[in-house]
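Pasted below: input14.cif, mmCIF, C-alpha atoms.
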data_query
loop_
_atom_site.label_atom_id
_atom_site.label_comp_id
_atom_site.auth_asym_id
_atom_site.auth_seq_id
_atom_site.Cartn_x
_atom_site.Cartn_y
_atom_site.Cartn_z
CA MET J 1 10.65 -11.75 -6.25
CA HIS J 2 8.03 -14.37 -5.58
CA GLY J 3 4.44 -14.45 -6.72
CA LEU J 4 2.45 -13.49 -3.66
CA GLN J 5 4.89 -10.82 -2.57
CA ARG J 6 5.04 -9.20 -5.99
CA GLN J 7 1.27 -9.23 -6.25
CA ILE J 8 0.87 -7.64 -2.83
CA VAL J 9 3.37 -4.90 -3.71
CA GLU J 10 1.51 -4.28 -6.96
CA LEU J 11 -1.76 -4.02 -5.03
CA LEU J 12 -0.41 -1.47 -2.54
CA PRO J 13 -1.59 1.61 -4.48
CA ARG J 14 -5.15 0.29 -4.64
CA LEU J 15 -5.06 -0.85 -1.02
CA ARG J 16 -3.88 2.63 0.00
CA ARG J 17 -6.63 4.28 -2.01
CA LEU J 18 -9.35 2.10 -0.49
CA ALA J 19 -7.91 2.71 2.98
CA ARG J 20 -7.95 6.46 2.36
CA VAL J 21 -11.67 6.29 1.60
CA LEU J 22 -12.29 4.38 4.81
CA ALA J 23 -9.94 6.06 7.26
CA ARG J 24 -9.57 9.48 5.61
CA ASP J 25 -6.59 10.51 7.72
CA PRO J 26 -3.54 9.45 5.64
CA VAL J 27 -1.61 8.11 8.64
CA ASP J 28 -4.58 6.08 9.89
CA ALA J 29 -5.11 4.87 6.32
CA ASP J 30 -1.55 3.56 5.98
CA ASP J 31 -1.86 1.91 9.40
CA LEU J 32 -4.95 0.15 8.02
CA VAL J 33 -3.01 -0.97 4.93
CA GLN J 34 -0.22 -2.28 7.12
CA ALA J 35 -2.66 -4.19 9.33
CA THR J 36 -4.25 -5.62 6.18
CA VAL J 37 -0.95 -6.78 4.70
CA GLU J 38 0.11 -8.30 8.02
CA ARG J 39 -3.17 -10.19 8.36
CA ALA J 40 -2.89 -11.37 4.78
CA LEU J 41 0.62 -12.69 5.41
CA ILE J 42 -0.41 -14.46 8.59
CA HIS J 43 -3.27 -16.12 6.74
CA GLN J 44 -1.54 -16.54 3.39
CA ASP J 45 -2.29 -20.28 3.50
CA GLN J 46 -5.96 -19.39 3.08
CA TRP J 47 -5.42 -17.65 -0.23
CA ARG J 48 -5.64 -19.96 -3.24
CA PRO J 49 -3.30 -19.02 -6.06
CA GLY J 50 -5.37 -18.47 -9.17
CA THR J 51 -8.16 -16.71 -7.29
CA ARG J 52 -8.39 -12.93 -7.05
CA LEU J 53 -5.88 -11.55 -4.58
CA ASP J 54 -7.47 -8.09 -4.67
CA SER J 55 -10.89 -9.33 -3.56
CA TRP J 56 -9.30 -11.40 -0.82
CA MET J 57 -7.21 -8.53 0.52
CA PHE J 58 -10.06 -6.02 0.25
CA ARG J 59 -12.13 -8.41 2.37
CA ILE J 60 -9.33 -8.55 4.92
CA MET J 61 -9.17 -4.76 4.93
CA LYS J 62 -12.93 -4.51 5.37
CA ASN J 63 -12.76 -6.80 8.40
CA ALA J 64 -9.74 -4.98 9.83
CA TRP J 65 -11.56 -1.68 9.40
CA ILE J 66 -14.73 -2.94 11.07
CA ASP J 67 -12.67 -4.29 13.98
CA GLU J 68 -10.86 -0.97 14.23
CA SER J 69 -14.14 0.99 14.05
CA ARG J 70 -15.57 -1.02 16.90
CA ALA J 71 -12.48 -0.44 18.99
CA ARG J 72 -12.57 3.26 18.14
CA ASN J 73 -16.22 3.53 19.10
CA ARG J 74 -15.50 1.85 22.39
CA ARG J 75 -12.75 4.37 23.03
CA GLY J 76 -15.17 7.14 22.11
CA ARG J 77 -12.83 8.51 19.49
CA VAL J 78 -14.35 10.20 16.47
CA PHE J 79 -12.93 10.84 13.03
CA ALA J 80 -9.73 12.76 12.63
CA PRO J 81 -10.40 16.50 12.66
CA GLU J 82 -11.70 17.69 9.31
CA GLU J 83 -8.92 20.23 8.88
CA GLN J 84 -6.40 17.41 8.68
CA GLY J 85 -7.81 16.29 5.38
CA GLU J 86 -7.21 19.75 3.98
CA ALA J 87 -3.83 20.57 5.46
CA ILE J 88 -1.98 19.30 2.42
CA GLY J 89 0.51 21.36 0.46
CA LEU J 90 -1.19 23.37 -2.25
CA ASP J 91 0.43 24.70 -5.35
CA GLY J 92 -1.36 26.79 -7.89
CA ALA J 93 -5.01 27.69 -8.26
CA ALA J 94 -5.94 24.55 -10.21
CA ALA J 95 -4.35 22.27 -7.64
CA MET J 96 -6.13 24.16 -4.89
CA GLU J 97 -9.48 23.80 -6.62
CA ASN J 98 -8.94 20.08 -7.10
CA ARG J 99 -7.87 19.75 -3.51
CA LEU J 100 -10.92 21.60 -2.21
CA ALA J 101 -13.27 19.57 -4.41
CA ALA J 102 -11.63 16.42 -3.10
CA ALA J 103 -11.93 17.65 0.48
CA ASP J 104 -15.68 18.13 0.00
CA VAL J 105 -16.00 14.59 -1.30
CA GLU J 106 -13.94 13.29 1.63
CA LYS J 107 -16.16 15.10 4.12
CA ALA J 108 -19.34 13.82 2.50
CA MET J 109 -17.93 10.28 2.42
CA ALA J 110 -16.96 10.51 6.08
CA ARG J 111 -20.59 11.21 6.96
CA LEU J 112 -21.81 7.96 5.37
CA PRO J 113 -22.38 4.92 7.57
CA ASP J 114 -19.49 2.43 7.23
CA GLU J 115 -21.50 -0.08 5.21
CA GLN J 116 -22.51 2.52 2.60
CA ARG J 117 -19.02 4.00 2.42
CA LEU J 118 -17.56 0.52 1.83
CA ALA J 119 -20.02 -0.15 -1.00
CA VAL J 120 -19.31 3.23 -2.63
CA ALA J 121 -15.55 2.78 -2.20
CA LEU J 122 -15.47 -0.61 -3.89
CA VAL J 123 -17.74 0.24 -6.82
CA LEU J 124 -17.26 3.97 -7.48
CA VAL J 125 -13.65 4.37 -6.39
CA ASP J 126 -12.10 0.99 -7.17
CA GLY J 127 -14.47 0.05 -9.99
CA LEU J 128 -15.33 -3.48 -8.87
CA SER J 129 -18.40 -5.13 -10.39
CA TYR J 130 -21.45 -5.62 -8.16
CA ARG J 131 -20.71 -9.32 -7.94
CA GLU J 132 -17.11 -8.72 -6.87
CA ALA J 133 -18.04 -6.01 -4.37
CA ALA J 134 -20.76 -8.18 -2.83
CA GLU J 135 -18.19 -10.95 -2.42
CA VAL J 136 -15.74 -8.63 -0.71
CA LEU J 137 -18.44 -7.40 1.66
CA GLU J 138 -19.85 -10.91 2.14
CA VAL J 139 -23.41 -9.74 1.51
CA PRO J 140 -26.03 -10.62 -1.14
CA GLN J 141 -25.91 -8.49 -4.27
CA GLY J 142 -29.33 -6.97 -3.46
CA THR J 143 -27.93 -5.70 -0.15
CA LEU J 144 -24.98 -4.18 -1.98
CA THR J 145 -27.17 -2.33 -4.50
CA SER J 146 -29.43 -0.97 -1.81
CA ARG J 147 -26.39 0.34 0.09
CA LEU J 148 -25.08 1.84 -3.15
CA VAL J 149 -28.35 3.65 -3.78
CA ARG J 150 -28.61 5.03 -0.26
CA GLY J 151 -24.96 6.03 -0.17
CA ARG J 152 -25.16 7.83 -3.50
CA MET J 153 -28.34 9.68 -2.63
CA ALA J 154 -26.73 10.91 0.60
CA LEU J 155 -23.58 12.01 -1.27
CA MET J 156 -25.64 13.90 -3.84
CA ALA J 157 -27.68 15.64 -1.19
CA ASP J 158 -24.43 16.62 0.50
CA LEU J 159 -22.40 17.65 -2.54
CA GLU J 160 -24.80 19.17 -5.00
CA GLY J 161 -25.37 22.31 -2.99
CA ASP J 162 -21.86 23.50 -3.77
CA ALA J 163 -21.55 21.85 -7.19
CA ALA J 164 -24.52 23.66 -8.73
CA MET R 1 -39.13 -1.85 -2.70
CA THR R 2 -40.82 1.43 -3.56
CA PRO R 3 -41.08 2.53 -7.23
CA ASP R 4 -38.54 5.28 -6.46
CA GLU R 5 -36.00 2.79 -5.19
CA LYS R 6 -36.64 0.56 -8.16
CA ILE R 7 -35.89 3.32 -10.65
CA ARG R 8 -32.84 4.45 -8.68
CA GLU R 9 -31.45 0.95 -8.73
CA ARG R 10 -31.95 0.84 -12.50
CA ILE R 11 -30.23 4.20 -12.94
CA ILE R 12 -27.14 3.26 -10.95
CA ALA R 13 -26.97 -0.18 -12.56
CA PHE R 14 -27.00 1.57 -15.95
CA VAL R 15 -24.35 4.10 -14.90
CA ASP R 16 -22.17 1.31 -13.44
CA GLY R 17 -22.50 -0.84 -16.57
CA GLU R 18 -24.34 -3.58 -14.69
CA LEU R 19 -27.44 -3.92 -16.90
CA ALA R 20 -27.71 -6.93 -19.16
CA PRO R 21 -27.66 -6.02 -22.86
CA ALA R 22 -31.45 -6.30 -23.36
CA GLU R 23 -32.23 -4.25 -20.24
CA ARG R 24 -29.61 -1.77 -21.27
CA ALA R 25 -31.18 -1.26 -24.68
CA ARG R 26 -34.61 -0.79 -23.09
CA PHE R 27 -33.20 1.73 -20.61
CA GLU R 28 -31.47 3.68 -23.37
CA ALA R 29 -34.76 3.94 -25.27
CA GLU R 30 -36.50 5.32 -22.16
CA LEU R 31 -33.61 7.70 -21.64
CA ALA R 32 -33.98 9.19 -25.10
CA ALA R 33 -37.65 9.89 -24.47
CA ASP R 34 -37.45 11.16 -20.89
CA PRO R 35 -35.42 14.34 -20.17
CA ALA R 36 -35.96 14.00 -16.41
CA LEU R 37 -34.47 10.50 -16.48
CA ALA R 38 -31.59 11.76 -18.62
CA ALA R 39 -30.93 14.51 -16.08
CA SER R 40 -30.84 11.94 -13.27
CA VAL R 41 -28.36 9.82 -15.19
CA ALA R 42 -26.19 12.88 -15.78
CA ARG R 43 -26.19 13.68 -12.05
CA HIS R 44 -25.18 10.14 -11.19
CA ARG R 45 -22.42 10.16 -13.78
CA ALA R 46 -21.11 13.44 -12.40
CA LEU R 47 -21.06 11.95 -8.90
CA VAL R 48 -19.10 8.89 -10.03
CA ALA R 49 -16.56 11.11 -11.81
CA ARG R 50 -16.22 13.43 -8.84
CA VAL R 51 -15.80 10.69 -6.24
CA GLY R 52 -13.31 8.83 -8.45
CA ALA R 53 -11.27 11.99 -9.10
CA ALA R 54 -11.10 12.80 -5.38
CA TYR R 55 -9.18 9.62 -4.59
CA ALA R 56 -7.30 9.05 -7.85
CA PRO R 57 -4.14 10.97 -6.76
CA VAL R 58 -3.52 8.38 -4.01
CA LEU R 59 -2.55 5.87 -6.72
CA ASP R 60 0.39 8.06 -7.79
CA GLU R 61 1.77 8.68 -4.32
CA ALA R 62 5.09 7.13 -3.35
CA ILE R 63 4.51 4.03 -1.23
CA PRO R 64 5.91 4.57 2.29
CA PRO R 65 9.03 2.39 2.83
CA GLN R 66 7.48 0.83 5.92
CA LEU R 67 4.60 -0.58 3.85
CA LEU R 68 6.97 -1.94 1.22
CA ALA R 69 8.97 -3.53 3.99
CA VAL R 70 5.89 -5.23 5.39
CA ALA R 71 4.96 -6.58 1.97
CA ALA R 72 8.56 -7.58 1.30
CA ALA R 73 8.42 -9.87 4.33
CA ALA R 74 6.01 -12.16 2.50
CA ASN R 75 8.66 -14.75 1.86
CA ASP R 76 10.27 -14.88 5.26
CA ARG R 77 9.18 -18.43 5.67
CA VAL R 78 11.67 -19.61 3.12
CA PHE R 79 14.42 -18.56 5.56
CA ARG R 80 15.67 -21.11 7.97
CA PRO R 81 16.37 -19.13 11.10
CA ARG R 82 19.77 -19.70 12.58
CA VAL R 83 19.87 -18.52 16.13
CA GLY R 84 23.16 -18.64 17.88
CA ARG R 85 26.15 -16.65 18.93
CA LEU R 86 26.78 -13.44 17.09
CA ALA R 87 29.75 -13.53 14.79
CA PRO R 88 32.54 -11.58 16.58
CA TRP R 89 32.85 -8.87 13.96
CA ALA R 90 29.05 -8.39 14.01
CA ALA R 91 29.32 -7.28 17.62
CA ILE R 92 31.86 -4.68 16.50
CA ALA R 93 29.59 -3.47 13.74
CA ALA R 94 26.53 -3.44 15.95
CA SER R 95 24.48 -0.28 15.70
CA LEU R 96 27.26 1.92 14.48
CA VAL R 97 26.76 4.39 11.74
CA VAL R 98 29.65 3.14 9.76
CA GLY R 99 30.23 5.80 7.16
CA VAL R 100 31.50 8.36 9.63
CA ILE R 101 34.07 6.38 11.52
CA ALA R 102 34.88 3.46 9.27
CA GLY R 103 38.32 4.84 8.47
CA ARG R 104 39.36 4.66 12.10
CA LEU R 105 38.10 1.17 12.87
CA ALA R 106 40.37 -1.81 12.65
CA LEU R 107 37.88 -4.17 11.10
CA PRO R 108 38.95 -7.66 10.16
CA GLU R 109 39.69 -8.33 6.53
CA GLN R 110 37.30 -11.24 6.59
CA GLY R 111 33.57 -10.91 6.91
CA PRO R 112 30.98 -9.33 4.66
CA LEU R 113 32.17 -5.73 5.11
CA VAL R 114 35.74 -4.46 4.79
CA ALA R 115 37.17 -0.98 5.29
CA ARG R 116 38.50 0.51 2.06
CA ASP R 117 39.45 4.15 1.55
CA GLY R 118 37.45 5.27 4.54
CA ALA R 119 34.30 3.41 3.53
CA LEU R 120 32.86 0.05 4.54
CA VAL R 121 32.58 -1.98 1.37
CA ALA R 122 30.56 -5.16 0.94
CA ARG R 123 32.49 -8.19 -0.24
CA GLY R 124 31.96 -11.84 -1.04
CA GLN R 125 28.51 -13.29 -0.61
CA LEU R 126 27.01 -10.02 0.59
CA ALA R 127 28.36 -8.05 -2.38
CA SER R 128 27.16 -10.60 -4.89
CA ALA R 129 23.72 -10.79 -3.26
CA LEU R 130 23.40 -7.00 -3.40
CA SER R 131 24.37 -7.04 -7.06
CA THR R 132 22.24 -9.93 -8.24
CA GLU R 133 19.39 -10.80 -5.87
CA LEU R 134 15.92 -9.41 -6.24
CA ALA R 135 13.90 -8.52 -3.17
CA ALA R 136 13.26 -11.41 -0.80
CA GLU R 137 14.64 -14.07 -3.08
CA PRO R 138 15.59 -16.96 -0.86
CA GLY R 139 19.22 -17.13 0.10
CA VAL R 140 21.56 -16.66 3.01
CA VAL R 141 21.50 -12.94 2.30
CA LYS R 142 18.11 -11.36 1.77
CA VAL R 143 17.59 -8.02 0.05
CA GLY R 144 14.58 -6.08 1.34
CA LEU R 145 14.03 -2.66 -0.19
CA THR R 146 15.68 -1.04 -3.17
CA LEU R 147 15.63 2.75 -3.50
CA LYS R 148 16.90 5.34 -5.91
CA THR R 149 18.27 8.45 -4.23
CA PRO R 150 17.58 11.97 -5.57
CA ASP R 151 21.16 12.04 -6.93
CA GLY R 152 20.55 8.82 -8.86
CA ARG R 153 22.33 6.20 -6.74
CA TYR R 154 20.79 2.82 -5.96
CA CYS R 155 20.61 1.76 -2.33
CA ARG R 156 19.44 -1.57 -0.92
CA THR R 157 18.65 -2.95 2.51
CA PHE R 158 20.05 -6.37 3.36
CA GLN R 159 19.74 -8.99 6.04
CA SER R 160 22.29 -11.75 6.27
CA ALA R 161 21.20 -14.71 8.35
CA ALA R 162 24.69 -16.27 8.22
CA ASP R 163 26.47 -13.08 9.25
CA HIS R 164 23.83 -11.89 11.73
CA LEU R 165 23.94 -8.54 10.04
CA ALA R 166 21.43 -6.11 8.60
CA GLY R 167 22.06 -2.79 6.96
CA LEU R 168 21.74 -0.38 4.09
CA ALA R 169 24.28 -0.17 1.25
CA CYS R 170 24.51 2.13 -1.76
CA ARG R 171 26.13 1.53 -5.13
CA GLN R 172 29.14 3.78 -5.55
CA ASP R 173 32.02 3.47 -8.03
CA GLY R 174 31.11 -0.12 -8.79
CA ARG R 175 31.07 -1.16 -5.14
CA TRP R 176 28.41 -1.50 -2.44
CA VAL R 177 29.19 0.95 0.37
CA ALA R 178 27.41 0.37 3.67
CA LEU R 179 25.78 3.45 5.16
CA THR R 180 24.47 1.59 8.16
CA ALA R 181 25.05 -1.87 9.56
CA THR R 182 23.68 -3.39 12.69
CA ALA R 183 23.63 -6.75 14.45
CA TRP R 184 20.59 -8.70 13.44
CA THR R 185 19.27 -12.15 14.20
CA GLN R 186 16.48 -13.83 12.34
CA SER R 187 13.60 -14.26 14.73
CA ALA R 188 13.15 -17.93 15.55
CA ASN R 189 9.42 -17.77 15.96
CA PRO R 190 7.54 -17.53 12.66
CA ALA R 191 4.73 -15.66 14.39
CA TYR R 192 7.09 -12.74 14.85
CA ARG R 193 8.34 -12.85 11.31
CA THR R 194 5.27 -11.94 9.38
CA ALA R 195 5.84 -8.24 9.02
CA GLY R 196 8.41 -5.67 8.03
CA SER R 197 9.48 -5.71 11.65
CA ASP R 198 12.20 -7.95 10.31
CA ILE R 199 14.09 -4.94 8.98
CA PRO R 200 15.62 -3.33 12.09
CA PRO R 201 14.32 0.15 12.93
CA GLU R 202 17.77 1.75 12.61
CA VAL R 203 17.97 0.46 9.03
CA LEU R 204 14.48 1.76 8.26
CA ALA R 205 15.50 5.11 9.77
CA ALA R 206 18.50 5.20 7.43
CA VAL R 207 16.15 4.42 4.53
CA ASP R 208 13.93 7.33 5.53
CA GLY R 209 17.01 9.55 5.75
CA LEU R 210 17.89 8.88 2.12
CA ALA R 211 14.72 10.51 0.81
CA GLY R 212 14.90 7.91 -1.96
CA GLN R 213 12.16 6.59 -4.17
CA PRO R 214 11.39 2.90 -3.51
CA LEU R 215 11.57 0.77 -6.65
CA ASP R 216 8.84 -1.66 -7.54
CA ALA R 217 9.63 -5.16 -8.74
CA ALA R 218 9.92 -4.22 -12.41
CA ALA R 219 12.17 -1.21 -11.76
CA GLU R 220 14.34 -3.24 -9.40
CA ARG R 221 14.85 -5.94 -12.00
CA ALA R 222 15.60 -3.37 -14.70
CA ALA R 223 18.17 -1.63 -12.49
CA ARG R 224 19.87 -4.93 -11.70
CA ASP R 225 19.96 -5.91 -15.35
CA ARG R 226 21.68 -2.60 -16.13
CA GLY R 227 24.32 -3.34 -13.50
CA TRP R 228 23.01 -0.62 -11.14
CA ARG R 229 24.21 2.17 -13.43
#
Please express what this file holds, its structure, as structure tokens.
Amino acid sequence: MHGLQRQIVELLPRLRRLARVLARDPVDADDLVQATVERALIHQDQWRPGTRLDSWMFRIMKNAWIDESRARNRRGRVFAPEEQGEAIGLDGAAAMENRLAAADVEKAMARLPDEQRLAVALVLVDGLSYREAAEVLEVPQGTLTSRLVRGRMALMADLEGDAA
Amino acid sequence: MTPDEKIRERIIAFVDGELAPAERARFEAELAADPALAASVARHRALVARVGAAYAPVLDEAIPPQLLAVAAAANDRVFRPRVGRLAPWAAIAASLVVGVIAGRLALPEQGPLVARDGALVARGQLASALSTELAAEPGVVKVGLTLKTPDGRYCRTFQSAADHLAGLACRQDGRWVALTATAWTQSANPAYRTAGSDIPPEVLAAVDGLAGQPLDAAAERAARDRGWR
């Protein structure tokens, strides 16, 4: 298997996780991953071996998501129904508790503006550094931190009622 | 920036490990002396843990075959498309689900698939590619996805530019038995060859029908090196 292909396959779990934060509905999320991989392959000449493939592909996903959000807003479509995020097979009380806790997080994340959700996804979920996340989002680091602060305050306000 | 925002930015930078060592030490000293600040830090840490835990299970999910197929198309450019007449036997094999009726077909003894004991068995170049090639290595025959079925067999998708054939074959008794084979021509226009669309839908449907677990690059190599046993 060749370099770029292997690296993309190895990135798929992280791409799927980031997409799930953005799109929430698992089917929409995998569509976003597919669009991202296709764009990356079309523009593979623009990626320089030796630079970070993850940052490059996250940036592509960010742009694909923003394009998709604009199209969706034009069509007047809103997020997938909330129940969809919860209609996943449950087994056992512990699994159900985890699933419900995750569903609350997903709902709270879905209420964030796109730019805050992207910042939170890259830093809190994927664990990128501020510098890396700012590069992916193509914004100054100060803009990133201010989005991180606002996003986190909104999440806390949303989640702490039931976590107390 | 208001004083509130300033302190919040410091808190999250501390929680995210983004403070420089000197600032970090200063913040830790303040933390020890200020229970309210310590409580804020604890809330932020709890949030990070909760958000991270909510999405962590996605990393362990099986990757859908369609996504692997799209990624596996990364090296299509190394293929020189050969567009022309279909090989005569490929027209015979087109779109048939071979396992069921192979025993009754009079297939030629030449070509990449031959009928043996009621099964269509890969031979020659196709068989050796299935046994030795890793996904999307350049060659006349390209292997796309490799899966392991619930009963422990290895199955692989293939596309043969020379034979104008694509399909899915599984390892069985030391041979590669085709479950599905269909006529296939490499798209001539590179713009149409960027995605997993290169694997025909009927082959992807057969992959879905296997309920197999797709192998990543390391597992694929390991399985090959063990001779698919």
Using 8 Å as the limit and counting only C-alpha atoms, can you tabulate each residue of chain J that touches chain R, with its shortest atom-to-atom distance in Å and the two atoms involved, as CSV?
residue,atom,partner,partner_atom,distance
J:Met1,CA,R:Ala135,CA,5.5
J:His2,CA,R:Glu137,CA,7.1
J:Leu4,CA,R:Ala74,CA,7.2
J:Gln5,CA,R:Ala74,CA,5.4
J:Arg6,CA,R:Ala217,CA,6.7
J:Ile8,CA,R:Ala71,CA,6.4
J:Val9,CA,R:Ala71,CA,6.1
J:Glu10,CA,R:Asp216,CA,7.8
J:Leu12,CA,R:Ile63,CA,7.5
J:Pro13,CA,R:Leu59,CA,4.9
J:Arg14,CA,R:Leu59,CA,6.5
J:Arg16,CA,R:Val58,CA,7.0
J:Arg17,CA,R:Val58,CA,5.5
J:Arg20,CA,R:Tyr55,CA,7.7
J:Val21,CA,R:Tyr55,CA,7.5
J:Asp30,CA,R:Leu67,CA,7.7
J:Val33,CA,R:Leu67,CA,7.7
J:Gln34,CA,R:Leu67,CA,6.1
J:Val37,CA,R:Ala71,CA,6.5
J:Glu38,CA,R:Ala195,CA,5.8
J:Leu41,CA,R:Ala74,CA,6.1
J:Ile42,CA,R:Thr194,CA,6.3
J:Asn98,CA,R:Ala54,CA,7.8
J:Arg99,CA,R:Ala54,CA,7.9
J:Ala101,CA,R:Ala54,CA,7.2
J:Ala102,CA,R:Ala54,CA,4.3
J:Ala103,CA,R:Ala54,CA,7.7
J:Val105,CA,R:Val51,CA,6.3
J:Glu106,CA,R:Ala54,CA,7.6
J:Leu124,CA,R:Val48,CA,5.8
J:Val125,CA,R:Gly52,CA,4.9
J:Ser129,CA,R:Glu18,CA,7.5
J:Tyr130,CA,R:Glu18,CA,7.4
J:Thr145,CA,R:Glu9,CA,6.9
J:Ser146,CA,R:Glu9,CA,7.5
J:Val149,CA,R:Glu9,CA,6.4
J:Arg152,CA,R:Leu47,CA,7.9
J:Met156,CA,R:Leu47,CA,7.1
Generate a file of the selected residues that holds C-alpha atoms, formatted as a PDB file, in the coordinates of the input.
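Saved to result.pdb:
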ATOM      1  CA  MET J   1      10.650 -11.750  -6.250  1.00  0.00           C
ATOM      2  CA  HIS J   2       8.030 -14.370  -5.580  1.00  0.00           C
ATOM      3  CA  LEU J   4       2.450 -13.490  -3.660  1.00  0.00           C
ATOM      4  CA  GLN J   5       4.890 -10.820  -2.570  1.00  0.00           C
ATOM      5  CA  ARG J   6       5.040  -9.200  -5.990  1.00  0.00           C
ATOM      6  CA  ILE J   8       0.870  -7.640  -2.830  1.00  0.00           C
ATOM      7  CA  VAL J   9       3.370  -4.900  -3.710  1.00  0.00           C
ATOM      8  CA  GLU J  10       1.510  -4.280  -6.960  1.00  0.00           C
ATOM      9  CA  LEU J  12      -0.410  -1.470  -2.540  1.00  0.00           C
ATOM     10  CA  PRO J  13      -1.590   1.610  -4.480  1.00  0.00           C
ATOM     11  CA  ARG J  14      -5.150   0.290  -4.640  1.00  0.00           C
ATOM     12  CA  ARG J  16      -3.880   2.630   0.000  1.00  0.00           C
ATOM     13  CA  ARG J  17      -6.630   4.280  -2.010  1.00  0.00           C
ATOM     14  CA  ARG J  20      -7.950   6.460   2.360  1.00  0.00           C
ATOM     15  CA  VAL J  21     -11.670   6.290   1.600  1.00  0.00           C
ATOM     16  CA  ASP J  30      -1.550   3.560   5.980  1.00  0.00           C
ATOM     17  CA  VAL J  33      -3.010  -0.970   4.930  1.00  0.00           C
ATOM     18  CA  GLN J  34      -0.220  -2.280   7.120  1.00  0.00           C
ATOM     19  CA  VAL J  37      -0.950  -6.780   4.700  1.00  0.00           C
ATOM     20  CA  GLU J  38       0.110  -8.300   8.020  1.00  0.00           C
ATOM     21  CA  LEU J  41       0.620 -12.690   5.410  1.00  0.00           C
ATOM     22  CA  ILE J  42      -0.410 -14.460   8.590  1.00  0.00           C
ATOM     23  CA  ASN J  98      -8.940  20.080  -7.100  1.00  0.00           C
ATOM     24  CA  ARG J  99      -7.870  19.750  -3.510  1.00  0.00           C
ATOM     25  CA  ALA J 101     -13.270  19.570  -4.410  1.00  0.00           C
ATOM     26  CA  ALA J 102     -11.630  16.420  -3.100  1.00  0.00           C
ATOM     27  CA  ALA J 103     -11.930  17.650   0.480  1.00  0.00           C
ATOM     28  CA  VAL J 105     -16.000  14.590  -1.300  1.00  0.00           C
ATOM     29  CA  GLU J 106     -13.940  13.290   1.630  1.00  0.00           C
ATOM     30  CA  LEU J 124     -17.260   3.970  -7.480  1.00  0.00           C
ATOM     31  CA  VAL J 125     -13.650   4.370  -6.390  1.00  0.00           C
ATOM     32  CA  SER J 129     -18.400  -5.130 -10.390  1.00  0.00           C
ATOM     33  CA  TYR J 130     -21.450  -5.620  -8.160  1.00  0.00           C
ATOM     34  CA  THR J 145     -27.170  -2.330  -4.500  1.00  0.00           C
ATOM     35  CA  SER J 146     -29.430  -0.970  -1.810  1.00  0.00           C
ATOM     36  CA  VAL J 149     -28.350   3.650  -3.780  1.00  0.00           C
ATOM     37  CA  ARG J 152     -25.160   7.830  -3.500  1.00  0.00           C
ATOM     38  CA  MET J 156     -25.640  13.900  -3.840  1.00  0.00           C
TER      39      MET J 156
END
To one decimal in Å, tell me the separation between atom CA of Leu179 of chain R and atom CA of Gly139 of chain R.
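Between atom CA of Leu179 of chain R and atom CA of Gly139 of chain R the gap is 22.2 Å.
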What is the distance between atom CA of Ala36 of chain R and atom CA of Gln141 of chain J, in Å to one decimal?
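Interatomic distance, atom CA of Ala36 of chain R to atom CA of Gln141 of chain J: 27.5 Å.
Evaluated on this file, the PyMOL selection byres ((chain J and resi 128) around 12) matches Arg14, Leu18, Arg52, Asp54, Ser55, Phe58, Leu118, Ala119, Val120, Ala121, Leu122, Val123, Leu124, Val125, Asp126, Gly127, Ser129, Tyr130, Arg131, Glu132, Ala133, Ala134, Glu135, Val136, Leu137 and Leu144 of chain J; Asp16, Gly17 and Glu18 of chain R.
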What is the distance, in Å and to one decimal place, between atom CA of Val140 of chain R and atom CA of Ala161 of chain R?
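Distance between the two atoms: 5.7 Å.
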Once the PyMOL selection byres ((chain R and resi 144-147) around 7) is applied to the coordinates I shared, what remains selected? I want it as a list in words.
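With the PyMOL selection byres ((chain R and resi 144-147) around 7) on this model, the match is Ala69, Ala72, Ala135, Ala136, Lys142, Val143, Lys148, Thr149, Tyr154, Cys155, Arg156, Thr157, Phe158, Gly212, Gln213, Pro214, Leu215 and Glu220 of chain R.
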Just so the selection is clear, what residues does the PyMOL selection byres ((chain R and resi 167) around 10) cover here, as a PyMOL selection string?
chain R and resi 95+97+143-144+156-160+165-166+168-169+178-184+199-200+202-204+206-207
Any chance you could build segment 36-42 of chain R out to N, CA and C atoms and write it as a PDB file, keeping the file's coordinate frame?
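Saved file rebuild_16.pdb follows:
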ATOM      1  N   ALA R  36     -36.180  14.048 -17.856  1.00  0.00           N
ATOM      2  CA  ALA R  36     -35.960  14.000 -16.410  1.00  0.00           C
ATOM      3  C   ALA R  36     -35.056  12.820 -16.053  1.00  0.00           C
ATOM      4  N   LEU R  37     -35.307  11.684 -16.715  1.00  0.00           N
ATOM      5  CA  LEU R  37     -34.470  10.500 -16.480  1.00  0.00           C
ATOM      6  C   LEU R  37     -33.040  10.774 -16.946  1.00  0.00           C
ATOM      7  N   ALA R  38     -32.929  11.432 -18.107  1.00  0.00           N
ATOM      8  CA  ALA R  38     -31.590  11.760 -18.620  1.00  0.00           C
ATOM      9  C   ALA R  38     -30.846  12.670 -17.653  1.00  0.00           C
ATOM     10  N   ALA R  39     -31.576  13.607 -17.040  1.00  0.00           N
ATOM     11  CA  ALA R  39     -30.930  14.510 -16.080  1.00  0.00           C
ATOM     12  C   ALA R  39     -30.442  13.734 -14.853  1.00  0.00           C
ATOM     13  N   SER R  40     -31.253  12.764 -14.408  1.00  0.00           N
ATOM     14  CA  SER R  40     -30.840  11.940 -13.270  1.00  0.00           C
ATOM     15  C   SER R  40     -29.566  11.163 -13.593  1.00  0.00           C
ATOM     16  N   VAL R  41     -29.541  10.587 -14.781  1.00  0.00           N
ATOM     17  CA  VAL R  41     -28.360   9.820 -15.190  1.00  0.00           C
ATOM     18  C   VAL R  41     -27.125  10.727 -15.208  1.00  0.00           C
ATOM     19  N   ALA R  42     -27.318  11.942 -15.716  1.00  0.00           N
ATOM     20  CA  ALA R  42     -26.190  12.880 -15.780  1.00  0.00           C
ATOM     21  C   ALA R  42     -25.681  13.212 -14.372  1.00  0.00           C
TER      22      ALA R  42
END
